[in-house]
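Data block below; observations after.
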Amino acid sequence: MNPQALVYSRDENLSAALSAAISRLKLGSVCASRVGAGLNLLRGRKFPAVIVDCQDRAAATDLFELCRCTGSNKSSVLFALTDENETAKSWGVTFALKRPVESDLRVFTTVLRAAHGMILQDFRRYRRIPIGASAELDNDEHCLQLATVNVSEGGMCVRGEIPGFNKEHMVQFTHPEMNLRFRANSYVVWSRNGHSGLQFRVMSPACRLALGNWLEAH
């Protein structure tokens with residue numbers, strides 16, 4: 001599965017041209033022509049890149065503000081296609097580009113190529129692959145055995161609500177395919193509905209490389 005970018009524009013021709021440029025870099029795209037649809041997509045999914053046609057300034061403001069306040073899209077690479085650079089600075093975007101005229105995307109394509117590595121890095125950090133294993137969590141107060149749900153380069157989801165929210169835990173698990181024992185310092189970043197999310201903070205370079213290669217292969 002390739003990373004997907006969210007493209008917002010009320011101009012269908014521009015959306016189509018942007019999607020074609022994105023696809024040439026082996027990225028997918030999801031297009032929204034209404035701000036409500038764009039906001040719902042951002043609330044429900046992770047997009048490593050968000051590209052907004054800022055002709056509708058109010059819509060652009062709403063979309064970029066949501067990106068900044070939703071956990072999964074906070075680190076997304078944000079592109080503003082606008083004629084108002086001062087406004088773009090207040091949005092906190094990664095790149096502010098002049099809105100293309102007559103679908104001339106040469107500048108956009110150049111910047112997108114330059115940002116490609118950033119987009120892939122963000123995608124790998126959040127891409128989650130299902131994994132069936134037993135994880136052991138230990139801190140000064142608790143030692144728990146929990147079943148894993150999925151794992152990403154940056155953390156994992158486990159079944160069970162973990163006491164000690166936002167406290168450091170040592171998590172250990174054996175990868176069922178690689179037969180490799182992983183050990184990482186982690187923090188509980190959310191816990192709800194019988195599940196908890198752990199963010200890896202410290203992991204050995206060998207384990208991080210092995211995990212990254214496995215994620216890339218899937």
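Chain lettering (A, B, ...) mirrors the order of the structure tokens, residue numbering begins at 1 for each chain separately, and ligand numbering begins at 1 in order of display.
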- [ ] Considering only C-alpha atoms, return as number ranges by chain whatever protein or nucleic-acid residues lie within 8 Å of stretch 43-51 of chain A, sequence-local ones (same chain, fewer than 4 positions apart) excluded.
- [x] A: 3-8, 39, 66, 70, 72-73, 75-81, 119-120, 122-123, 126
Counting only C-alpha atoms, which residues of stretch 71-181 of chain A fall within 12 Å of stretch 16-28 of chain A, and what is the closest atom pair for each with its distance in Å at one decimal, ordered by chain and rising number, as CSV?
```
residue,atom,partner,partner_atom,distance
A:Phe79,CA,A:Leu18,CA,11.6
A:Leu81,CA,A:Leu18,CA,10.9
A:Arg99,CA,A:Leu18,CA,11.4
A:Pro100,CA,A:Leu18,CA,9.8
A:Val101,CA,A:Ala17,CA,11.4
A:Glu102,CA,A:Ala17,CA,9.8
A:Ser103,CA,A:Ala17,CA,6.4
A:Asp104,CA,A:Ala17,CA,8.7
A:Leu105,CA,A:Leu18,CA,7.6
A:Arg106,CA,A:Ala21,CA,9.4
A:Val107,CA,A:Ala21,CA,11.1
A:Phe108,CA,A:Leu18,CA,8.6
A:Thr109,CA,A:Ala21,CA,6.5
A:Thr110,CA,A:Ala21,CA,10.1
A:Val111,CA,A:Ile22,CA,11.2
A:Leu112,CA,A:Ile22,CA,7.9
A:Arg113,CA,A:Leu25,CA,7.5
A:Ala114,CA,A:Leu25,CA,11.0
A:Ala115,CA,A:Leu25,CA,10.8
A:His116,CA,A:Leu25,CA,7.9
A:Gly117,CA,A:Leu25,CA,10.9
A:Ile119,CA,A:Leu27,CA,9.4
A:Leu120,CA,A:Leu27,CA,9.3
A:Phe123,CA,A:Leu27,CA,10.7
```
Open item on the list: Taking 2 positions as the minimum chain separation for residues in the same chain, which residues sit within 12 Å of A:Ile162 when counting only C-alpha atoms? Answer as a ChimeraX atom specification.
Closed with: /A:136-139,141-146,157-160,164-169,187-198
Task: Exercise: A:Ser152 partners within 9 Å, only C-alpha atoms, chain neighbours under 3 positions left out, as a ChimeraX atom specification - done: /A:124-129,155-157,211-212,215
- [ ] From a DSSP calculation on the backbone, collect every residue of stretch 24-63 of chain A in alpha helix (DSSP H) and output the set as a ChimeraX atom specification.
- [x] /A:35-44,57-63
I'd like to know which residues of chain A are strand (DSSP E) (by DSSP, run on the backbone); could you write them as an mmCIF file with N, CA, C and O atoms, in the first residue's frame?
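For reference, out-v3.cif as written:
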```cif
data_model
loop_
_atom_site.group_PDB
_atom_site.id
_atom_site.type_symbol
_atom_site.label_atom_id
_atom_site.label_comp_id
_atom_site.auth_asym_id
_atom_site.auth_seq_id
_atom_site.Cartn_x
_atom_site.Cartn_y
_atom_site.Cartn_z
ATOM 1 N N GLN A 4 -0.908 7.868 0.914
ATOM 2 C CA GLN A 4 -1.958 8.622 0.232
ATOM 3 C C GLN A 4 -1.970 10.067 0.712
ATOM 4 O O GLN A 4 -1.809 10.344 1.895
ATOM 5 N N ALA A 5 -2.167 10.970 -0.248
ATOM 6 C CA ALA A 5 -2.275 12.397 0.052
ATOM 7 C C ALA A 5 -3.737 12.807 -0.031
ATOM 8 O O ALA A 5 -4.484 12.327 -0.894
ATOM 9 N N LEU A 6 -4.135 13.704 0.865
ATOM 10 C CA LEU A 6 -5.459 14.311 0.764
ATOM 11 C C LEU A 6 -5.336 15.570 -0.091
ATOM 12 O O LEU A 6 -4.484 16.425 0.161
ATOM 13 N N VAL A 7 -6.171 15.662 -1.121
ATOM 14 C CA VAL A 7 -6.189 16.829 -2.013
ATOM 15 C C VAL A 7 -7.541 17.516 -1.863
ATOM 16 O O VAL A 7 -8.580 16.898 -2.122
ATOM 17 N N TYR A 8 -7.514 18.772 -1.441
ATOM 18 C CA TYR A 8 -8.762 19.535 -1.336
ATOM 19 C C TYR A 8 -8.760 20.661 -2.349
ATOM 20 O O TYR A 8 -7.859 21.506 -2.369
ATOM 21 N N GLY A 28 -0.598 7.715 -3.665
ATOM 22 C CA GLY A 28 -2.022 7.731 -3.951
ATOM 23 C C GLY A 28 -2.618 9.067 -3.553
ATOM 24 O O GLY A 28 -1.972 9.893 -2.902
ATOM 25 N N SER A 29 -3.861 9.281 -3.947
ATOM 26 C CA SER A 29 -4.533 10.525 -3.563
ATOM 27 C C SER A 29 -5.999 10.261 -3.286
ATOM 28 O O SER A 29 -6.612 9.375 -3.882
ATOM 29 N N VAL A 30 -6.550 11.030 -2.357
ATOM 30 C CA VAL A 30 -7.981 11.045 -2.062
ATOM 31 C C VAL A 30 -8.418 12.490 -2.209
ATOM 32 O O VAL A 30 -7.853 13.376 -1.561
ATOM 33 N N CYS A 31 -9.400 12.735 -3.076
ATOM 34 C CA CYS A 31 -9.811 14.109 -3.376
ATOM 35 C C CYS A 31 -11.099 14.466 -2.641
ATOM 36 O O CYS A 31 -12.005 13.631 -2.511
ATOM 37 N N ALA A 32 -11.168 15.705 -2.176
ATOM 38 C CA ALA A 32 -12.384 16.236 -1.553
ATOM 39 C C ALA A 32 -12.663 17.598 -2.182
ATOM 40 O O ALA A 32 -11.756 18.432 -2.297
ATOM 41 N N ALA A 49 0.533 13.429 3.615
ATOM 42 C CA ALA A 49 0.594 14.702 2.898
ATOM 43 C C ALA A 49 -0.822 15.247 2.740
ATOM 44 O O ALA A 49 -1.752 14.500 2.449
ATOM 45 N N VAL A 50 -0.974 16.554 2.946
ATOM 46 C CA VAL A 50 -2.270 17.226 2.795
ATOM 47 C C VAL A 50 -2.043 18.438 1.897
ATOM 48 O O VAL A 50 -1.221 19.306 2.201
ATOM 49 N N ILE A 51 -2.763 18.484 0.774
ATOM 50 C CA ILE A 51 -2.585 19.529 -0.242
ATOM 51 C C ILE A 51 -3.896 20.289 -0.358
ATOM 52 O O ILE A 51 -4.943 19.697 -0.661
ATOM 53 N N VAL A 52 -3.853 21.586 -0.101
ATOM 54 C CA VAL A 52 -5.077 22.380 -0.016
ATOM 55 C C VAL A 52 -5.014 23.545 -1.006
ATOM 56 O O VAL A 52 -4.080 24.354 -0.976
ATOM 57 N N ASP A 53 -6.020 23.619 -1.866
ATOM 58 C CA ASP A 53 -6.241 24.778 -2.729
ATOM 59 C C ASP A 53 -6.893 25.849 -1.856
ATOM 60 O O ASP A 53 -8.015 25.685 -1.378
ATOM 61 N N VAL A 77 2.938 16.407 6.051
ATOM 62 C CA VAL A 77 3.546 17.446 5.227
ATOM 63 C C VAL A 77 2.409 18.241 4.581
ATOM 64 O O VAL A 77 1.593 17.681 3.847
ATOM 65 N N LEU A 78 2.331 19.539 4.886
ATOM 66 C CA LEU A 78 1.196 20.368 4.468
ATOM 67 C C LEU A 78 1.606 21.303 3.341
ATOM 68 O O LEU A 78 2.596 22.033 3.448
ATOM 69 N N PHE A 79 0.811 21.276 2.269
ATOM 70 C CA PHE A 79 1.040 22.129 1.104
ATOM 71 C C PHE A 79 -0.127 23.110 0.985
ATOM 72 O O PHE A 79 -1.296 22.692 0.927
ATOM 73 N N ALA A 80 0.171 24.396 0.930
ATOM 74 C CA ALA A 80 -0.853 25.425 0.687
ATOM 75 C C ALA A 80 -0.639 25.994 -0.707
ATOM 76 O O ALA A 80 0.442 26.508 -1.018
ATOM 77 N N LEU A 81 -1.658 25.884 -1.566
ATOM 78 C CA LEU A 81 -1.616 26.483 -2.904
ATOM 79 C C LEU A 81 -2.363 27.799 -2.803
ATOM 80 O O LEU A 81 -3.598 27.823 -2.731
ATOM 81 N N PHE A 95 4.897 23.844 3.173
ATOM 82 C CA PHE A 95 5.230 24.507 1.916
ATOM 83 C C PHE A 95 4.064 25.401 1.491
ATOM 84 O O PHE A 95 2.912 24.954 1.477
ATOM 85 N N ALA A 96 4.369 26.640 1.156
ATOM 86 C CA ALA A 96 3.369 27.559 0.593
ATOM 87 C C ALA A 96 3.777 27.842 -0.849
ATOM 88 O O ALA A 96 4.860 28.382 -1.106
ATOM 89 N N LEU A 97 2.929 27.447 -1.798
ATOM 90 C CA LEU A 97 3.230 27.574 -3.222
ATOM 91 C C LEU A 97 2.184 28.442 -3.895
ATOM 92 O O LEU A 97 1.015 28.442 -3.503
ATOM 93 N N ILE A 129 0.744 -2.404 10.943
ATOM 94 C CA ILE A 129 0.586 -3.754 10.404
ATOM 95 C C ILE A 129 0.094 -4.662 11.528
ATOM 96 O O ILE A 129 0.672 -4.670 12.620
ATOM 97 N N PRO A 130 -0.991 -5.442 11.281
ATOM 98 C CA PRO A 130 -1.469 -6.367 12.322
ATOM 99 C C PRO A 130 -0.391 -7.370 12.717
ATOM 100 O O PRO A 130 0.379 -7.847 11.871
ATOM 101 N N SER A 134 2.507 -11.632 22.152
ATOM 102 C CA SER A 134 2.281 -11.255 23.541
ATOM 103 C C SER A 134 3.338 -10.228 23.922
ATOM 104 O O SER A 134 4.540 -10.434 23.692
ATOM 105 N N ALA A 135 2.881 -9.112 24.485
ATOM 106 C CA ALA A 135 3.806 -8.055 24.902
ATOM 107 C C ALA A 135 3.854 -7.983 26.419
ATOM 108 O O ALA A 135 2.827 -8.075 27.092
ATOM 109 N N GLU A 136 5.038 -7.811 26.938
ATOM 110 C CA GLU A 136 5.238 -7.654 28.378
ATOM 111 C C GLU A 136 5.570 -6.194 28.661
ATOM 112 O O GLU A 136 6.521 -5.640 28.103
ATOM 113 N N LEU A 137 4.762 -5.574 29.511
ATOM 114 C CA LEU A 137 4.981 -4.176 29.883
ATOM 115 C C LEU A 137 5.378 -4.113 31.351
ATOM 116 O O LEU A 137 4.726 -4.723 32.207
ATOM 117 N N ASP A 138 6.417 -3.361 31.614
ATOM 118 C CA ASP A 138 6.928 -3.305 32.985
ATOM 119 C C ASP A 138 7.321 -1.871 33.322
ATOM 120 O O ASP A 138 7.941 -1.170 32.523
ATOM 121 N N CYS A 143 3.516 -4.945 36.142
ATOM 122 C CA CYS A 143 4.061 -5.824 35.115
ATOM 123 C C CYS A 143 2.876 -6.524 34.469
ATOM 124 O O CYS A 143 2.138 -7.258 35.148
ATOM 125 N N LEU A 144 2.634 -6.276 33.200
ATOM 126 C CA LEU A 144 1.442 -6.762 32.523
ATOM 127 C C LEU A 144 1.802 -7.591 31.300
ATOM 128 O O LEU A 144 2.795 -7.315 30.617
ATOM 129 N N GLN A 145 0.976 -8.608 31.019
ATOM 130 C CA GLN A 145 1.074 -9.383 29.789
ATOM 131 C C GLN A 145 -0.148 -9.030 28.935
ATOM 132 O O GLN A 145 -1.285 -9.260 29.358
ATOM 133 N N LEU A 146 0.075 -8.484 27.761
ATOM 134 C CA LEU A 146 -1.022 -8.020 26.914
ATOM 135 C C LEU A 146 -0.824 -8.516 25.487
ATOM 136 O O LEU A 146 0.305 -8.667 25.012
ATOM 137 N N ALA A 147 -1.942 -8.752 24.792
ATOM 138 C CA ALA A 147 -1.889 -9.177 23.395
ATOM 139 C C ALA A 147 -1.715 -7.954 22.501
ATOM 140 O O ALA A 147 -2.329 -6.912 22.720
ATOM 141 N N THR A 148 -0.879 -8.083 21.480
ATOM 142 C CA THR A 148 -0.666 -6.990 20.544
ATOM 143 C C THR A 148 -1.749 -6.998 19.466
ATOM 144 O O THR A 148 -2.310 -8.041 19.121
ATOM 145 N N VAL A 149 -2.051 -5.823 18.943
ATOM 146 C CA VAL A 149 -3.022 -5.670 17.849
ATOM 147 C C VAL A 149 -2.301 -5.319 16.559
ATOM 148 O O VAL A 149 -2.496 -5.954 15.525
ATOM 149 N N ASN A 150 -1.461 -4.291 16.604
ATOM 150 C CA ASN A 150 -0.683 -3.902 15.430
ATOM 151 C C ASN A 150 0.565 -3.170 15.883
ATOM 152 O O ASN A 150 0.694 -2.781 17.041
ATOM 153 N N VAL A 151 1.486 -2.994 14.932
ATOM 154 C CA VAL A 151 2.742 -2.334 15.232
ATOM 155 C C VAL A 151 3.118 -1.417 14.084
ATOM 156 O O VAL A 151 2.778 -1.678 12.924
ATOM 157 N N GLY A 155 5.427 2.810 17.169
ATOM 158 C CA GLY A 155 4.781 2.303 18.371
ATOM 159 C C GLY A 155 3.905 1.102 18.082
ATOM 160 O O GLY A 155 3.980 0.490 17.012
ATOM 161 N N MET A 156 3.028 0.772 19.040
ATOM 162 C CA MET A 156 2.155 -0.390 18.870
ATOM 163 C C MET A 156 0.858 -0.199 19.648
ATOM 164 O O MET A 156 0.780 0.608 20.582
ATOM 165 N N CYS A 157 -0.139 -0.952 19.214
ATOM 166 C CA CYS A 157 -1.426 -0.991 19.908
ATOM 167 C C CYS A 157 -1.560 -2.348 20.580
ATOM 168 O O CYS A 157 -1.228 -3.380 19.980
ATOM 169 N N VAL A 158 -2.043 -2.356 21.826
ATOM 170 C CA VAL A 158 -2.241 -3.599 22.569
ATOM 171 C C VAL A 158 -3.663 -3.642 23.105
ATOM 172 O O VAL A 158 -4.323 -2.609 23.253
ATOM 173 N N ARG A 159 -4.135 -4.856 23.379
ATOM 174 C CA ARG A 159 -5.447 -5.016 23.983
ATOM 175 C C ARG A 159 -5.323 -4.838 25.493
ATOM 176 O O ARG A 159 -4.489 -5.463 26.131
ATOM 177 N N GLU A 168 6.469 6.156 31.621
ATOM 178 C CA GLU A 168 7.390 5.337 30.829
ATOM 179 C C GLU A 168 7.244 3.865 31.205
ATOM 180 O O GLU A 168 7.144 3.511 32.382
ATOM 181 N N HIS A 169 7.193 3.009 30.176
ATOM 182 C CA HIS A 169 7.148 1.565 30.369
ATOM 183 C C HIS A 169 8.260 0.931 29.531
ATOM 184 O O HIS A 169 8.601 1.438 28.465
ATOM 185 N N MET A 170 8.762 -0.204 30.004
ATOM 186 C CA MET A 170 9.611 -1.032 29.177
ATOM 187 C C MET A 170 8.718 -2.090 28.536
ATOM 188 O O MET A 170 8.016 -2.821 29.242
ATOM 189 N N VAL A 171 8.675 -2.123 27.218
ATOM 190 C CA VAL A 171 7.856 -3.103 26.522
ATOM 191 C C VAL A 171 8.780 -4.088 25.818
ATOM 192 O O VAL A 171 9.793 -3.705 25.222
ATOM 193 N N GLN A 172 8.418 -5.380 25.911
ATOM 194 C CA GLN A 172 9.174 -6.437 25.242
ATOM 195 C C GLN A 172 8.193 -7.353 24.523
ATOM 196 O O GLN A 172 7.134 -7.673 25.059
ATOM 197 N N PHE A 173 8.541 -7.749 23.310
ATOM 198 C CA PHE A 173 7.728 -8.726 22.595
ATOM 199 C C PHE A 173 8.596 -9.453 21.579
ATOM 200 O O PHE A 173 9.594 -8.910 21.092
ATOM 201 N N THR A 174 8.227 -10.684 21.276
ATOM 202 C CA THR A 174 8.931 -11.481 20.272
ATOM 203 C C THR A 174 8.127 -11.457 18.988
ATOM 204 O O THR A 174 6.946 -11.825 18.969
ATOM 205 N N ARG A 181 13.512 -10.798 19.410
ATOM 206 C CA ARG A 181 13.010 -10.191 20.636
ATOM 207 C C ARG A 181 13.232 -8.676 20.593
ATOM 208 O O ARG A 181 14.355 -8.212 20.442
ATOM 209 N N PHE A 182 12.123 -7.934 20.678
ATOM 210 C CA PHE A 182 12.196 -6.476 20.672
ATOM 211 C C PHE A 182 12.057 -5.956 22.092
ATOM 212 O O PHE A 182 11.266 -6.469 22.883
ATOM 213 N N ARG A 183 12.794 -4.906 22.360
ATOM 214 C CA ARG A 183 12.739 -4.260 23.662
ATOM 215 C C ARG A 183 12.840 -2.764 23.437
ATOM 216 O O ARG A 183 13.717 -2.294 22.703
ATOM 217 N N ALA A 184 11.914 -1.998 24.034
ATOM 218 C CA ALA A 184 11.905 -0.556 23.799
ATOM 219 C C ALA A 184 11.352 0.178 25.021
ATOM 220 O O ALA A 184 10.436 -0.307 25.675
ATOM 221 N N ASN A 185 11.930 1.325 25.307
ATOM 222 C CA ASN A 185 11.316 2.261 26.251
ATOM 223 C C ASN A 185 10.132 2.906 25.548
ATOM 224 O O ASN A 185 10.253 3.354 24.405
ATOM 225 N N SER A 186 9.000 2.969 26.209
ATOM 226 C CA SER A 186 7.796 3.481 25.549
ATOM 227 C C SER A 186 6.932 4.244 26.546
ATOM 228 O O SER A 186 7.092 4.117 27.760
ATOM 229 N N TYR A 187 6.010 5.031 25.978
ATOM 230 C CA TYR A 187 5.031 5.771 26.773
ATOM 231 C C TYR A 187 3.631 5.398 26.309
ATOM 232 O O TYR A 187 3.399 5.195 25.108
ATOM 233 N N VAL A 188 2.709 5.297 27.249
ATOM 234 C CA VAL A 188 1.298 5.115 26.899
ATOM 235 C C VAL A 188 0.760 6.486 26.476
ATOM 236 O O VAL A 188 0.739 7.423 27.269
ATOM 237 N N VAL A 189 0.345 6.596 25.223
ATOM 238 C CA VAL A 189 -0.131 7.889 24.720
ATOM 239 C C VAL A 189 -1.655 7.946 24.614
ATOM 240 O O VAL A 189 -2.231 9.029 24.489
ATOM 241 N N TRP A 190 -2.329 6.789 24.643
ATOM 242 C CA TRP A 190 -3.789 6.783 24.736
ATOM 243 C C TRP A 190 -4.236 5.438 25.278
ATOM 244 O O TRP A 190 -3.526 4.437 25.145
ATOM 245 N N SER A 191 -5.407 5.424 25.902
ATOM 246 C CA SER A 191 -5.963 4.197 26.462
ATOM 247 C C SER A 191 -7.475 4.358 26.538
ATOM 248 O O SER A 191 -7.974 5.183 27.296
ATOM 249 N N ARG A 192 -8.202 3.578 25.714
ATOM 250 C CA ARG A 192 -9.656 3.690 25.667
ATOM 251 C C ARG A 192 -10.259 2.460 24.992
ATOM 252 O O ARG A 192 -9.602 1.791 24.208
ATOM 253 N N HIS A 195 -8.360 -0.822 24.619
ATOM 254 C CA HIS A 195 -7.095 -0.843 23.895
ATOM 255 C C HIS A 195 -6.212 0.305 24.377
ATOM 256 O O HIS A 195 -6.704 1.296 24.912
ATOM 257 N N SER A 196 -4.899 0.171 24.153
ATOM 258 C CA SER A 196 -3.953 1.223 24.516
ATOM 259 C C SER A 196 -2.910 1.377 23.421
ATOM 260 O O SER A 196 -2.568 0.417 22.722
ATOM 261 N N GLY A 197 -2.423 2.596 23.275
ATOM 262 C CA GLY A 197 -1.391 2.884 22.294
ATOM 263 C C GLY A 197 -0.079 3.224 22.978
ATOM 264 O O GLY A 197 -0.039 4.038 23.905
ATOM 265 N N LEU A 198 0.996 2.584 22.531
ATOM 266 C CA LEU A 198 2.337 2.818 23.067
ATOM 267 C C LEU A 198 3.189 3.501 22.003
ATOM 268 O O LEU A 198 3.163 3.107 20.836
ATOM 269 N N GLN A 199 3.935 4.497 22.398
ATOM 270 C CA GLN A 199 4.871 5.163 21.506
ATOM 271 C C GLN A 199 6.284 4.756 21.895
ATOM 272 O O GLN A 199 6.695 4.913 23.034
ATOM 273 N N PHE A 200 7.035 4.198 20.912
ATOM 274 C CA PHE A 200 8.408 3.813 21.188
ATOM 275 C C PHE A 200 9.263 5.072 21.335
ATOM 276 O O PHE A 200 9.229 5.954 20.479
ATOM 277 N N ARG A 201 10.058 5.137 22.406
ATOM 278 C CA ARG A 201 10.966 6.268 22.594
ATOM 279 C C ARG A 201 12.411 5.857 22.339
ATOM 280 O O ARG A 201 13.160 6.578 21.695
ATOM 281 N N VAL A 202 12.833 4.720 22.880
ATOM 282 C CA VAL A 202 14.208 4.255 22.704
ATOM 283 C C VAL A 202 14.173 2.781 22.318
ATOM 284 O O VAL A 202 13.548 1.965 22.993
ATOM 285 N N MET A 203 14.859 2.447 21.201
ATOM 286 C CA MET A 203 14.976 1.068 20.738
ATOM 287 C C MET A 203 16.358 0.921 20.119
ATOM 288 O O MET A 203 16.895 1.869 19.536
#
```
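Each of A:Pro176, A:Gly38, A:Gly92, A:Pro205 was compared to A:Ile131 using only C-alpha atoms, and A:Pro176 turns out to be the nearest.
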